[in-house]
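Participant: Quick one, query19.cif (mmCIF, C-alpha atoms):
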data_my_file
loop_
_atom_site.label_atom_id
_atom_site.label_comp_id
_atom_site.auth_asym_id
_atom_site.auth_seq_id
_atom_site.Cartn_x
_atom_site.Cartn_y
_atom_site.Cartn_z
CA MET A 1332 -20.61 -7.83 25.65
CA HIS A 1333 -17.79 -5.52 24.77
CA LEU A 1334 -16.94 -2.22 26.34
CA ASP A 1335 -15.07 -0.42 23.60
CA HIS A 1336 -16.38 2.84 22.38
CA PRO A 1337 -17.53 2.34 18.78
CA VAL A 1338 -15.88 5.56 17.62
CA THR A 1339 -12.43 4.94 19.05
CA ALA A 1340 -12.25 1.27 18.12
CA PRO A 1341 -14.96 0.33 15.61
CA GLN A 1342 -13.27 -2.87 14.46
CA ARG A 1343 -12.39 -4.05 17.94
CA HIS A 1344 -14.72 -7.00 17.87
CA THR A 1345 -15.15 -7.69 14.19
CA TYR A 1346 -12.86 -10.71 14.41
CA GLY A 1347 -15.42 -12.77 16.24
CA ALA A 1348 -19.01 -13.76 15.83
CA GLU A 1349 -20.40 -11.02 18.03
CA PRO A 1350 -24.14 -10.95 17.45
CA PHE A 1351 -24.46 -7.18 17.61
CA HIS A 1352 -23.32 -4.25 15.50
CA ALA A 1353 -21.45 -1.44 17.20
CA ASP A 1354 -24.71 0.50 17.44
CA GLY A 1355 -26.34 -2.32 19.40
CA SER A 1356 -28.53 -3.64 16.59
CA ARG A 1357 -28.52 -7.34 15.82
CA ARG A 1358 -26.54 -8.24 12.70
CA ALA A 1359 -27.65 -10.58 9.91
CA LEU A 1360 -27.95 -14.31 10.58
CA ARG A 1361 -25.01 -16.10 8.95
CA VAL A 1362 -25.84 -19.52 7.52
CA GLY A 1363 -23.12 -21.83 6.17
CA LEU A 1364 -23.84 -24.36 3.42
CA GLY A 1365 -21.28 -27.13 3.03
CA GLY A 1366 -21.14 -30.50 1.34
CA PRO A 1367 -19.44 -32.58 -1.32
CA VAL A 1368 -18.83 -31.39 -4.89
CA GLY A 1369 -21.95 -31.60 -7.04
CA SER A 1370 -24.46 -32.21 -4.25
CA GLY A 1371 -26.41 -29.08 -5.15
CA LYS A 1372 -25.13 -26.38 -2.79
CA THR A 1373 -25.25 -23.61 -5.39
CA ALA A 1374 -28.66 -24.74 -6.65
CA THR A 1375 -29.89 -24.74 -3.05
CA VAL A 1376 -28.54 -21.23 -2.50
CA ALA A 1377 -30.21 -20.07 -5.73
CA ALA A 1378 -33.53 -21.65 -4.74
CA LEU A 1379 -33.34 -20.11 -1.25
CA CYS A 1380 -32.71 -16.67 -2.71
CA ARG A 1381 -35.68 -17.03 -5.06
CA ALA A 1382 -37.93 -18.23 -2.26
CA LEU A 1383 -36.93 -15.65 0.35
CA ARG A 1384 -35.75 -12.55 -1.49
CA THR A 1385 -39.12 -10.80 -1.47
CA GLN A 1386 -39.48 -11.04 2.30
CA LEU A 1387 -35.81 -10.82 3.42
CA SER A 1388 -32.73 -8.78 2.61
CA ILE A 1389 -30.22 -11.48 1.56
CA ALA A 1390 -26.53 -11.59 0.54
CA VAL A 1391 -24.36 -14.53 -0.55
CA VAL A 1392 -20.65 -15.36 -0.16
CA THR A 1393 -19.38 -18.15 -2.42
CA ASN A 1394 -16.12 -20.05 -1.88
CA ASP A 1395 -14.89 -21.43 -5.19
CA ILE A 1396 -11.88 -23.68 -5.26
CA TYR A 1397 -10.23 -22.47 -8.43
CA THR A 1398 -12.78 -20.43 -10.32
CA ARG A 1399 -15.42 -17.86 -9.58
CA GLU A 1400 -18.01 -20.05 -11.28
CA ASP A 1401 -20.48 -20.35 -8.43
CA ALA A 1402 -20.68 -16.60 -7.98
CA ALA A 1403 -20.92 -16.19 -11.76
CA PHE A 1404 -23.76 -18.75 -11.87
CA LEU A 1405 -25.71 -16.92 -9.18
CA ARG A 1406 -25.21 -13.59 -10.92
CA ARG A 1407 -26.20 -15.05 -14.30
CA GLU A 1408 -29.31 -16.59 -12.81
CA ALA A 1409 -30.03 -13.16 -11.34
CA VAL A 1410 -31.18 -14.66 -8.05
CA LEU A 1411 -29.91 -11.49 -6.36
CA PRO A 1412 -28.52 -8.17 -7.59
CA PRO A 1413 -24.77 -8.55 -8.30
CA GLU A 1414 -23.69 -6.32 -5.40
CA ARG A 1415 -25.21 -8.89 -3.03
CA ILE A 1416 -22.92 -11.70 -4.20
CA THR A 1417 -19.22 -11.93 -3.25
CA ALA A 1418 -16.69 -14.64 -4.17
CA VAL A 1419 -13.86 -15.67 -1.84
CA GLU A 1420 -10.78 -17.42 -3.22
CA THR A 1421 -9.60 -20.32 -1.12
CA GLY A 1422 -6.14 -21.32 -2.40
CA ALA A 1423 -7.00 -24.97 -3.08
CA CYS A 1424 -8.26 -25.55 0.46
CA PRO A 1425 -12.01 -24.94 0.82
CA HIS A 1426 -12.22 -26.32 4.35
CA THR A 1427 -9.37 -24.09 5.53
CA ALA A 1428 -11.29 -21.01 4.43
CA ILE A 1429 -14.44 -21.95 6.36
CA ARG A 1430 -12.87 -23.55 9.43
CA ASP A 1431 -9.14 -23.10 10.14
CA ASP A 1432 -8.55 -19.61 8.75
CA ILE A 1433 -11.85 -17.82 8.34
CA SER A 1434 -10.38 -14.34 7.90
CA ALA A 1435 -11.13 -13.94 4.17
CA ASN A 1436 -14.71 -15.10 4.61
CA LEU A 1437 -15.24 -12.80 7.60
CA GLU A 1438 -13.94 -9.93 5.50
CA ALA A 1439 -16.44 -10.75 2.77
CA VAL A 1440 -19.32 -11.07 5.23
CA GLU A 1441 -18.48 -7.78 6.93
CA GLN A 1442 -18.07 -5.91 3.66
CA LEU A 1443 -21.53 -7.05 2.62
CA GLU A 1444 -22.90 -5.91 5.97
CA GLU A 1445 -21.24 -2.53 5.60
CA SER A 1446 -22.36 -1.91 2.04
CA LEU A 1447 -25.87 -3.33 2.45
CA PRO A 1448 -27.47 -2.00 5.60
CA ALA A 1449 -30.31 -3.91 7.27
CA LEU A 1450 -29.34 -7.31 5.90
CA ASP A 1451 -31.38 -10.13 7.40
CA LEU A 1452 -29.51 -13.15 6.08
CA ILE A 1453 -26.06 -14.00 4.71
CA LEU A 1454 -25.60 -17.38 3.05
CA VAL A 1455 -21.97 -18.57 3.04
CA GLU A 1456 -21.52 -21.36 0.51
CA SER A 1457 -18.43 -23.54 0.94
CA GLY A 1458 -16.45 -24.84 -1.98
CA GLY A 1459 -17.25 -28.48 -2.70
CA ASP A 1460 -15.35 -30.58 -0.20
CA ASN A 1461 -15.51 -33.88 1.65
CA LEU A 1462 -17.59 -35.33 4.46
CA THR A 1463 -15.44 -33.76 7.18
CA ALA A 1464 -16.01 -30.13 6.15
CA THR A 1465 -17.64 -28.01 8.81
CA PHE A 1466 -17.86 -24.27 9.35
CA SER A 1467 -16.22 -22.51 12.28
CA ARG A 1468 -18.67 -21.02 14.77
CA GLY A 1469 -16.61 -17.86 14.40
CA LEU A 1470 -17.86 -17.53 10.82
CA VAL A 1471 -21.47 -18.73 10.81
CA ASP A 1472 -24.27 -18.95 13.34
CA THR A 1473 -25.80 -22.10 11.93
CA GLN A 1474 -24.84 -24.56 9.23
CA ILE A 1475 -26.44 -26.80 6.64
CA PHE A 1476 -24.78 -29.84 5.08
CA VAL A 1477 -25.95 -30.83 1.60
CA ILE A 1478 -25.54 -34.35 0.22
CA ASP A 1479 -27.41 -36.01 -2.63
CA VAL A 1480 -28.86 -39.42 -3.36
CA SER A 1481 -26.77 -40.05 -6.46
CA SER A 1482 -23.47 -40.13 -4.56
CA GLY A 1483 -24.61 -43.35 -2.88
CA ASP A 1484 -27.27 -44.07 -0.29
CA ASP A 1485 -24.60 -45.19 2.18
CA ILE A 1486 -23.33 -41.63 2.73
CA PRO A 1487 -25.49 -40.96 5.83
CA ARG A 1488 -24.28 -44.26 7.32
CA LYS A 1489 -20.65 -43.23 6.76
CA GLY A 1490 -21.24 -40.13 8.85
CA GLY A 1491 -18.41 -37.66 9.45
CA PRO A 1492 -18.62 -34.24 11.09
CA GLY A 1493 -20.69 -32.67 8.28
CA ILE A 1494 -23.36 -35.37 8.43
CA THR A 1495 -23.45 -35.78 12.19
CA THR A 1496 -23.12 -32.21 13.48
CA ALA A 1497 -24.69 -29.85 10.90
CA ASP A 1498 -27.73 -28.03 12.22
CA LEU A 1499 -29.67 -29.18 9.16
CA LEU A 1500 -28.89 -32.08 6.81
CA ILE A 1501 -30.28 -31.84 3.29
CA VAL A 1502 -30.50 -34.99 1.19
CA ASN A 1503 -30.91 -33.51 -2.27
CA LYS A 1504 -31.96 -34.80 -5.71
CA THR A 1505 -34.55 -37.25 -4.39
CA ASP A 1506 -36.06 -37.24 -7.90
CA LEU A 1507 -32.99 -39.21 -9.04
CA ALA A 1508 -33.37 -41.96 -6.42
CA PRO A 1509 -35.17 -44.46 -8.70
CA TYR A 1510 -32.50 -44.05 -11.38
CA VAL A 1511 -29.48 -44.59 -9.13
CA GLY A 1512 -31.03 -47.26 -6.92
CA ALA A 1513 -30.93 -45.14 -3.78
CA ASP A 1514 -33.14 -46.24 -0.90
CA LEU A 1515 -34.50 -43.09 0.72
CA ASN A 1516 -35.82 -44.97 3.74
CA THR A 1517 -32.37 -46.36 4.47
CA MET A 1518 -30.87 -42.90 4.09
CA ALA A 1519 -33.44 -41.44 6.48
CA THR A 1520 -32.91 -44.18 9.06
CA ASP A 1521 -29.12 -43.89 8.88
CA ALA A 1522 -29.24 -40.11 9.07
CA HIS A 1523 -31.37 -40.18 12.18
CA LYS A 1524 -29.06 -42.74 13.75
CA GLN A 1525 -26.10 -40.43 13.11
CA ARG A 1526 -27.83 -37.22 14.08
CA GLY A 1527 -30.20 -37.99 16.90
CA ASP A 1528 -32.72 -35.18 17.10
CA LEU A 1529 -31.05 -32.89 14.55
CA PRO A 1530 -33.31 -32.32 11.54
CA VAL A 1531 -33.00 -33.90 8.07
CA VAL A 1532 -34.91 -32.81 4.99
CA PHE A 1533 -35.19 -34.56 1.63
CA THR A 1534 -35.34 -32.18 -1.32
CA SER A 1535 -35.92 -32.26 -5.03
CA LEU A 1536 -35.26 -28.80 -6.39
CA THR A 1537 -36.95 -29.69 -9.67
CA ALA A 1538 -40.30 -30.04 -7.87
CA PRO A 1539 -42.53 -26.99 -7.33
CA ASP A 1540 -41.47 -25.35 -4.05
CA GLY A 1541 -38.84 -28.06 -3.65
CA ILE A 1542 -36.88 -25.74 -1.36
CA GLY A 1543 -39.92 -25.02 0.84
CA GLN A 1544 -38.87 -27.01 3.91
CA VAL A 1545 -35.36 -25.54 3.87
CA ALA A 1546 -36.68 -22.01 3.47
CA ALA A 1547 -39.05 -22.60 6.38
CA TRP A 1548 -36.20 -23.92 8.54
CA ILE A 1549 -34.08 -20.84 7.78
CA THR A 1550 -36.97 -18.50 8.46
CA GLY A 1551 -37.45 -20.21 11.80
CA ARG A 1552 -33.77 -19.83 12.69
CA LEU A 1553 -33.87 -16.21 11.65
CA THR A 1554 -36.91 -15.50 13.81
CA ALA A 1555 -35.18 -17.09 16.79
CA TRP A 1556 -31.96 -15.18 16.02
CA GLN A 1557 -33.72 -11.86 15.78
CA ALA A 1558 -35.47 -12.59 19.05
CA GLY A 1559 -32.06 -13.32 20.59
CA ALA A 1560 -32.89 -16.93 21.40
CA THR A 1561 -30.16 -18.71 19.44
CA SER A 1562 -26.67 -19.18 20.71
CA MET B 147 11.12 -11.51 24.14
CA SER B 148 9.33 -14.79 23.91
CA ARG B 149 10.71 -17.32 21.50
CA ALA B 150 7.44 -19.23 21.73
CA ALA B 151 5.45 -16.14 20.68
CA LEU B 152 7.62 -15.98 17.55
CA LEU B 153 6.72 -19.57 16.76
CA VAL B 154 3.02 -18.76 17.10
CA LEU B 155 3.31 -15.71 14.84
CA ALA B 156 5.44 -17.42 12.19
CA ASP B 157 3.40 -20.63 12.13
CA GLY B 158 1.83 -21.24 8.73
CA ARG B 159 -1.36 -22.11 10.60
CA PHE B 160 -1.64 -18.60 12.05
CA PRO B 161 -5.09 -17.67 10.71
CA ALA B 162 -4.25 -14.53 8.77
CA GLY B 163 -5.32 -15.51 5.26
CA GLY B 164 -1.94 -16.46 3.80
CA HIS B 165 -3.05 -19.93 2.73
CA ALA B 166 -5.01 -18.52 -0.23
CA HIS B 167 -1.97 -16.75 -1.71
CA SER B 168 0.97 -18.19 -3.63
CA GLY B 169 3.38 -15.26 -3.45
CA GLY B 170 3.65 -15.20 -7.23
CA VAL B 171 4.41 -18.89 -7.62
CA GLU B 172 1.19 -19.67 -9.46
CA ALA B 173 2.10 -17.21 -12.21
CA ALA B 174 5.69 -18.49 -12.24
CA VAL B 175 4.50 -22.08 -12.59
CA ALA B 176 2.27 -21.09 -15.50
CA ALA B 177 5.23 -19.31 -17.13
CA GLY B 178 7.35 -22.43 -16.68
CA THR B 179 9.97 -20.72 -14.56
CA VAL B 180 9.13 -22.75 -11.45
CA ARG B 181 8.82 -26.46 -12.28
CA ASP B 182 10.91 -28.45 -9.78
CA PRO B 183 12.64 -28.05 -6.40
CA ALA B 184 15.70 -26.36 -7.93
CA SER B 185 13.69 -23.71 -9.75
CA LEU B 186 11.49 -23.26 -6.66
CA GLU B 187 14.63 -22.58 -4.65
CA ALA B 188 15.83 -20.02 -7.18
CA PHE B 189 12.43 -18.34 -7.11
CA CYS B 190 12.34 -18.23 -3.32
CA ARG B 191 15.91 -16.95 -3.09
CA GLY B 192 15.11 -14.17 -5.55
CA ARG B 193 11.94 -13.26 -3.74
CA LEU B 194 13.70 -13.29 -0.38
CA HIS B 195 16.47 -10.93 -1.51
CA THR B 196 14.04 -8.47 -3.16
CA THR B 197 10.50 -8.06 -1.85
CA GLY B 198 11.37 -10.30 1.10
CA LEU B 199 14.06 -7.90 2.28
CA THR B 200 11.78 -4.92 1.74
CA GLY B 201 8.94 -6.52 3.69
CA ALA B 202 11.25 -7.61 6.48
CA GLY B 203 12.58 -4.05 6.81
CA LEU B 204 9.06 -2.65 7.10
CA ALA B 205 8.06 -5.31 9.63
CA ALA B 206 11.18 -4.70 11.74
CA ALA B 207 10.61 -0.94 11.67
CA ALA B 208 6.98 -1.38 12.75
CA ALA B 209 8.19 -3.60 15.59
CA THR B 210 10.41 -0.76 16.85
CA GLY B 211 7.23 1.23 17.50
CA TYR B 212 7.95 3.75 14.74
CA ASP B 213 4.92 5.59 13.26
CA ALA B 214 2.95 2.86 11.49
CA LEU B 215 1.21 5.28 9.15
CA ALA B 216 4.54 6.61 7.88
CA LEU B 217 5.66 3.03 7.38
CA ASP B 218 2.44 2.29 5.53
CA GLU B 219 3.26 5.13 3.13
CA ALA B 220 6.78 3.79 2.77
CA ALA B 221 5.27 0.40 1.90
CA ASP B 222 3.08 1.98 -0.78
CA ALA B 223 6.13 3.67 -2.26
CA ARG B 224 7.88 0.28 -2.37
CA THR B 225 4.93 -1.53 -3.97
CA PRO B 226 4.42 -0.16 -7.48
CA ALA B 227 2.03 -2.87 -8.75
CA PRO B 228 -1.61 -2.00 -7.95
CA ALA B 229 -2.53 -5.70 -7.70
CA LEU B 230 0.13 -6.25 -5.05
CA ARG B 231 -0.92 -3.15 -3.13
CA ARG B 232 -4.46 -4.50 -2.99
CA VAL B 233 -3.21 -7.90 -1.84
CA ALA B 234 -0.91 -6.35 0.78
CA ARG B 235 -3.74 -4.30 2.26
CA ARG B 236 -6.21 -7.15 2.20
CA LEU B 237 -3.72 -9.45 3.92
CA GLY B 238 -2.89 -6.62 6.32
CA ARG B 239 -6.55 -6.45 7.28
CA GLN B 240 -6.67 -10.18 7.81
CA MET B 241 -3.44 -10.13 9.83
CA MET B 242 -4.87 -7.30 11.92
CA ARG B 243 -7.94 -9.34 12.78
CA ALA B 244 -5.86 -12.31 13.90
CA ALA B 245 -3.34 -10.15 15.77
CA ARG B 246 -5.97 -8.23 17.72
CA ALA B 247 -7.57 -11.46 18.79
CA THR B 248 -4.27 -13.04 19.84
CA TRP B 249 -2.22 -10.09 21.18
CA PRO B 250 -4.62 -7.18 21.77
CA SER B 251 -2.96 -3.80 22.24
CA ASP B 252 -3.62 -0.09 21.92
CA GLY B 253 -1.08 0.13 19.08
CA LEU B 254 -2.99 -2.41 16.98
CA ASP B 255 -6.32 -0.76 17.80
CA ARG B 256 -4.96 2.60 16.70
CA LEU B 257 -3.62 1.28 13.42
CA ALA B 258 -6.88 -0.58 12.71
CA HIS B 259 -8.78 2.62 13.37
CA ASP B 260 -6.52 4.74 11.18
CA ARG B 261 -6.43 2.22 8.32
CA PRO B 262 -9.86 0.54 8.33
CA GLN B 263 -9.23 -0.81 4.82
CA GLY B 264 -5.97 -2.35 5.99
CA ALA B 265 -2.35 -1.26 6.29
CA HIS B 266 0.29 -3.12 4.28
CA GLN B 267 0.71 -6.63 5.64
CA PRO B 268 4.40 -6.33 6.70
CA VAL B 269 3.58 -3.20 8.71
CA VAL B 270 0.74 -4.99 10.49
CA LEU B 271 2.96 -8.03 11.00
CA GLY B 272 5.57 -5.82 12.67
CA ALA B 273 2.97 -4.14 14.85
CA ALA B 274 1.64 -7.58 15.80
CA ALA B 275 5.15 -8.72 16.69
CA ARG B 276 5.58 -5.68 18.93
CA SER B 277 2.24 -6.41 20.54
CA ALA B 278 3.42 -9.98 21.16
CA GLY B 279 6.53 -8.67 22.90
CA LEU B 280 8.87 -9.58 20.05
CA ALA B 281 11.96 -7.65 18.98
CA PRO B 282 12.39 -6.02 15.54
CA LEU B 283 14.83 -8.74 14.48
CA GLU B 284 12.23 -11.37 15.27
CA ALA B 285 9.60 -9.48 13.28
CA ALA B 286 12.05 -9.43 10.38
CA HIS B 287 12.54 -13.18 10.68
CA ALA B 288 8.80 -13.79 10.66
CA ALA B 289 8.27 -11.58 7.60
CA ALA B 290 11.19 -13.05 5.68
CA TYR B 291 10.19 -16.63 6.45
CA GLU B 292 6.59 -16.03 5.47
CA GLY B 293 7.82 -14.62 2.17
CA VAL B 294 9.30 -17.97 1.16
CA GLY B 295 7.14 -20.38 3.16
CA GLY B 296 3.96 -19.37 1.33
CA PRO B 297 5.41 -19.90 -2.16
CA ALA B 298 6.92 -23.26 -1.17
CA THR B 299 3.56 -24.56 0.12
CA ALA B 300 1.78 -23.24 -2.96
CA ALA B 301 4.31 -24.96 -5.24
CA VAL B 302 3.56 -28.29 -3.56
CA ARG B 303 -0.12 -27.86 -4.38
CA LEU B 304 0.41 -26.54 -7.89
CA LEU B 305 3.10 -28.93 -9.09
CA SER B 306 2.47 -31.94 -6.85
CA LEU B 307 6.08 -31.51 -5.74
CA ASP B 308 7.38 -33.89 -3.13
CA PRO B 309 6.64 -31.98 0.11
CA PHE B 310 9.93 -33.20 1.62
CA HIS B 311 11.83 -31.58 -1.23
CA ALA B 312 9.92 -28.33 -0.82
CA THR B 313 10.67 -28.23 2.89
CA ALA B 314 14.32 -28.99 2.17
CA VAL B 315 14.34 -25.91 -0.08
CA LEU B 316 13.26 -23.82 2.92
CA ALA B 317 15.91 -25.42 5.10
CA ARG B 318 18.61 -24.61 2.55
CA LEU B 319 17.45 -20.97 2.61
CA ALA B 320 17.89 -20.71 6.39
CA GLY B 321 21.25 -18.96 6.16
CA ASP B 322 19.91 -16.46 3.65
CA LEU B 323 16.87 -15.89 5.86
CA ASP B 324 19.05 -15.06 8.85
CA HIS B 325 21.15 -12.72 6.74
CA ILE B 326 18.11 -10.89 5.31
CA ALA B 327 16.52 -10.55 8.75
CA ASP B 328 19.77 -9.06 10.10
CA ARG B 329 19.98 -6.54 7.27
CA ALA B 330 16.32 -5.61 7.71
CA ALA B 331 16.68 -5.13 11.46
CA SER B 332 19.84 -3.05 11.05
CA ALA B 333 18.07 -0.70 8.68
CA ALA B 334 15.03 -0.55 10.97
CA ALA B 335 17.24 0.48 13.88
CA ARG B 336 18.13 3.66 11.96
CA VAL B 337 14.58 4.68 11.06
CA ALA B 338 13.87 6.61 14.26
CA ALA B 339 16.82 8.90 13.63
CA GLU B 340 16.93 8.99 9.83
CA GLY B 341 13.38 8.31 8.60
CA THR B 342 11.88 5.62 6.38
CA GLY B 343 14.23 6.39 3.49
CA VAL B 344 16.88 4.12 5.04
CA LEU B 345 14.63 1.06 4.76
CA PRO B 346 15.39 -1.45 1.98
CA ALA B 347 13.53 -0.79 -1.26
CA ALA B 348 14.50 -3.82 -3.33
CA SER B 349 11.86 -4.91 -5.82
CA ALA B 350 11.33 -7.67 -8.36
CA PRO B 351 9.85 -6.30 -11.60
CA LEU B 352 8.93 -9.74 -12.91
CA LEU B 353 6.90 -10.42 -9.76
CA ASP B 354 5.15 -7.09 -10.23
CA LEU B 355 4.31 -7.76 -13.89
CA ALA B 356 3.23 -11.34 -13.26
CA ALA B 357 1.04 -10.27 -10.34
CA GLU B 358 -0.85 -7.83 -12.57
CA GLN B 359 -1.42 -10.52 -15.18
CA HIS B 360 -2.36 -13.14 -12.58
CA ALA B 361 -4.98 -10.83 -11.08
CA ALA B 362 -6.83 -10.91 -14.42
CA TRP B 363 -6.86 -14.70 -14.84
CA PRO B 364 -10.41 -16.06 -14.90
CA VAL B 365 -9.37 -19.42 -13.45
CA ARG B 366 -6.74 -19.74 -10.74
CA LEU B 367 -6.07 -21.69 -7.59
CA PHE B 368 -4.65 -18.81 -5.54
CA ALA B 369 -5.79 -15.24 -4.97
CA SER B 370 -2.30 -13.94 -5.79
#
If you took the structure in this file and wrote it as structure tokens, what would it be?
Facilitator:
Amino acid sequence: MHLDHPVTAPQRHTYGAEPFHADGSRRALRVGLGGPVGSGKTATVAALCRALRTQLSIAVVTNDIYTREDAAFLRREAVLPPERITAVETGACPHTAIRDDISANLEAVEQLEESLPALDLILVESGGDNLTATFSRGLVDTQIFVIDVSSGDDIPRKGGPGITTADLLIVNKTDLAPYVGADLNTMATDAHKQRGDLPVVFTSLTAPDGIGQVAAWITGRLTAWQAGATS
Amino acid sequence: MSRAALLVLADGRFPAGGHAHSGGVEAAVAAGTVRDPASLEAFCRGRLHTTGLTGAGLAAAAATGYDALALDEAADARTPAPALRRVARRLGRQMMRAARATWPSDGLDRLAHDRPQGAHQPVVLGAAARSAGLAPLEAAHAAAYEGVGGPATAAVRLLSLDPFHATAVLARLAGDLDHIADRAASAAARVAAEGTGVLPAASAPLLDLAAEQHAAWPVRLFAS
């Protein structure tokens, strides 16, 4: 808990992940989504926005590696009004921007919070990266790692910080499993070996309510966050 | 004075947002003017003696404890390109965040309060140096080095240059860096008595023009 007067030093604690605004209210839950290129992070973000936007006030920060394509996609798909979507440029290093030097992403998150009062949820989507990409706890409160069946069903076995430590692991594109010879049971077994009790969900975003389990997980985290129960 | 604090501040890993910026090298690579270690060295030397000197002067003056808001105005006057003003303020904001977390001080709090959208980065860098107990000359060194270190790293990524060659470019610029830092600190020492007009105001018109064009590119690796 900080002691600064909010009028004399309003930005005093904006460099960290303080859970409260200067006025004492709880800020939006920040959820990071990371994972390899093409695993379906942007599609997951779009599906989450569609599923939750009527009940929650949501904003999105995208981290593109050399374009602003992900933000443009989300705007084009009109999953949220354009003022709720911000793109951060990462200078060829997506993991640096979410882990080692989070300052640009924090700026983006805070600007959204300032311009959109009463936000419930901010989704921070990493640029496509490798299996070691994780978000700093200074940037997000909880993180999701997205992989997909078509990149090989040995990915959960290979592990790496994203697979083993993310608060939720999504194995996406299960509808493609028969076509790429991926064994979902093996993936599930390996994932649980790597992750212990941490949750894993299998998704197919082409199915009706394919995002349902993920949306429910986020809603649960948000409820706990708003009640002050999460760390 | 802590030499170690200078190393922390000048470290490329200092989390103040610099990694996403190329210092104009991305535009120069696209224009074909930077293509190998020799042309990278020429680019860095030019940048160091123009905007590098100007930034180092502002940083050194801020490290003397001179009025940061007056220095921020002086920085605006020395930064004609709107794209570069935006970048300087955004990076100033990011530097402020990192500096307040690493070397908290009333001076930094005051500047953050007075410029919530960010003061120019060299001014914040100088204020951070002061907060870290560094002298104006050391602030000038940090600013000058950052002005060439960023472009050299970016060139490695953009051109797949041999990283040893790029680092050798920086090593060859060491004498120039010392000289620029000295000039910047000498000018800064006069600011209290003579005002901000004595600070260097060298600029590089091609960097200004290229920065405006680069800001409009739809596809780019670096933010500037």
Participant: Give me the residues near segment 1355-1357 of chain A as a short mmCIF file (atom, residue, chain, number, x, y, z; two decimals) with C-alpha atoms, in the coordinates of the input, where near means some atom within 9 Å (using only C-alpha atoms) and where sequence neighbours in that chain fewer than 5 positions away do not count.
Facilitator:
data_model
loop_
_atom_site.label_atom_id
_atom_site.label_comp_id
_atom_site.auth_asym_id
_atom_site.auth_seq_id
_atom_site.Cartn_x
_atom_site.Cartn_y
_atom_site.Cartn_z
CA PRO A 1350 -24.14 -10.95 17.45
CA TRP A 1556 -31.96 -15.18 16.02
CA GLN A 1557 -33.72 -11.86 15.78
CA GLY A 1559 -32.06 -13.32 20.59
#
Participant: Please evaluate the PyMOL selection byres ((chain B) within 6 of (chain A)) against the displayed coordinates and give the resulting residues as a ChimeraX atom specification.
Facilitator: /B:161,163,166,240,243,365-369
Participant: Tell me, in Å to one decimal, how far atom CA of Leu257 of chain B is from atom CA of Ala274 of chain B.
Facilitator: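 Distance reported for this atom pair: 10.6 Å.
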Participant: Grab the atom CA of Val1376 of chain A to atom CA of Thr1465 of chain A distance for me, in Å with one decimal place.
Facilitator: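 Separation between atom CA of Val1376 of chain A and atom CA of Thr1465 of chain A: 17.1 Å.
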Participant: Report the residues retrieved by the PyMOL selection byres ((chain A and resi 1402) around 9) from the displayed file, expressed as a list in words.
Facilitator: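 On the file shown, the PyMOL selection byres ((chain A and resi 1402) around 9) covers Thr1373, Val1391, Val1392, Thr1393, Asn1394, Asp1395, Arg1399, Glu1400, Asp1401, Ala1403, Phe1404, Leu1405, Arg1406, Arg1407, Ile1416, Thr1417 and Ala1418 of chain A.
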Participant: Could you write out as a ChimeraX atom specification the residues that the PyMOL selection byres ((chain A and resi 1461) around 10) matches in the shown file?
Facilitator: /A:1365-1368,1425-1426,1458-1460,1462-1465,1491-1493
Participant: Env of segment 292-299 of chain B: 6 Å cut, atoms = all atoms listed in the file, seq-sep filter 6 positions within chain, self excluded. Answer as a count of residues only.
Facilitator: 6
Participant: Using only C-alpha atoms, can you tell me which of B:Glu187, B:Thr342, B:Leu352, B:Ala207 comes closest to Ala289 of chain B?
Facilitator: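 Using only C-alpha atoms, Ala289 of chain B sits closest to B:Ala207.
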Participant: Residues near Leu345 of chain B, anyone? I mean within 8 Å using all atoms listed in the file, not counting same-chain ones fewer than 4 positions away, as a PyMOL selection string.
Facilitator: chain B and resi 200+203-204+330+333-334+337
Participant: Could you name the residues that touch Leu199 of chain B at 7 Å or less, counting all atoms listed in the file, but leaving out those on the same chain fewer than 6 positions away, as a list in words?
Facilitator: Ala290, Ile326, Ala330, Pro346 and Ala348 of chain B
Participant: Can you measure atom CA of Arg224 of chain B to atom CA of Pro364 of chain B for me? One decimal in Å is fine.
Facilitator: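 Computing it gives 27.5 Å between the two atoms.
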Participant: Would you please work out which residue, of B:Leu155, B:Ala221, B:Ala335, B:Val302, is nearest to Val315 of chain B when using all atoms listed in the file?
Facilitator: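 Looking at the shortest contact to Val315 of chain B, the residue is B:Val302.
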Participant: Skip Ser1446 of chain A itself and residues of its chain fewer than 6 positions away, then list as a PyMOL selection string all residues within 12 Å of it, counting all atoms listed in the file.
Facilitator: chain A and resi 1390+1414-1417+1439-1440
Participant: Given 4 Å on each side, where is the centre and what are the edge lengths in Å to one decimal of the axis-aligned box enclosing the listed atoms of segment 180-192 of chain B, as AutoDock Vina command-line options?
Facilitator:
--center_x 12.4 --center_y -21.3 --center_z -7.7 --size_x 15.1 --size_y 22.3 --size_z 17.2
Participant: Nearest to Pro1412 of chain A: which of A:Ala1519, A:Gln1386, A:Ala1359, A:Arg1381 is it, counting all atoms listed in the file?
Facilitator: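 Using all atoms listed in the file, the shortest distance to Pro1412 of chain A belongs to A:Arg1381.
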Participant: Using only C-alpha atoms, which of B:His325, B:His266, B:His360, B:Arg318 sits nearest Ala208 of chain B?
Facilitator: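 With only C-alpha atoms as the atom set, the closest residue is B:His266.
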Participant: Which of these residues is nearest to Arg303 of chain B, using all atoms listed in the file: B:Glu172, B:Asp213, B:Asp260, B:Asp218?
Facilitator: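 Smallest distance to Arg303 of chain B is found for B:Glu172.
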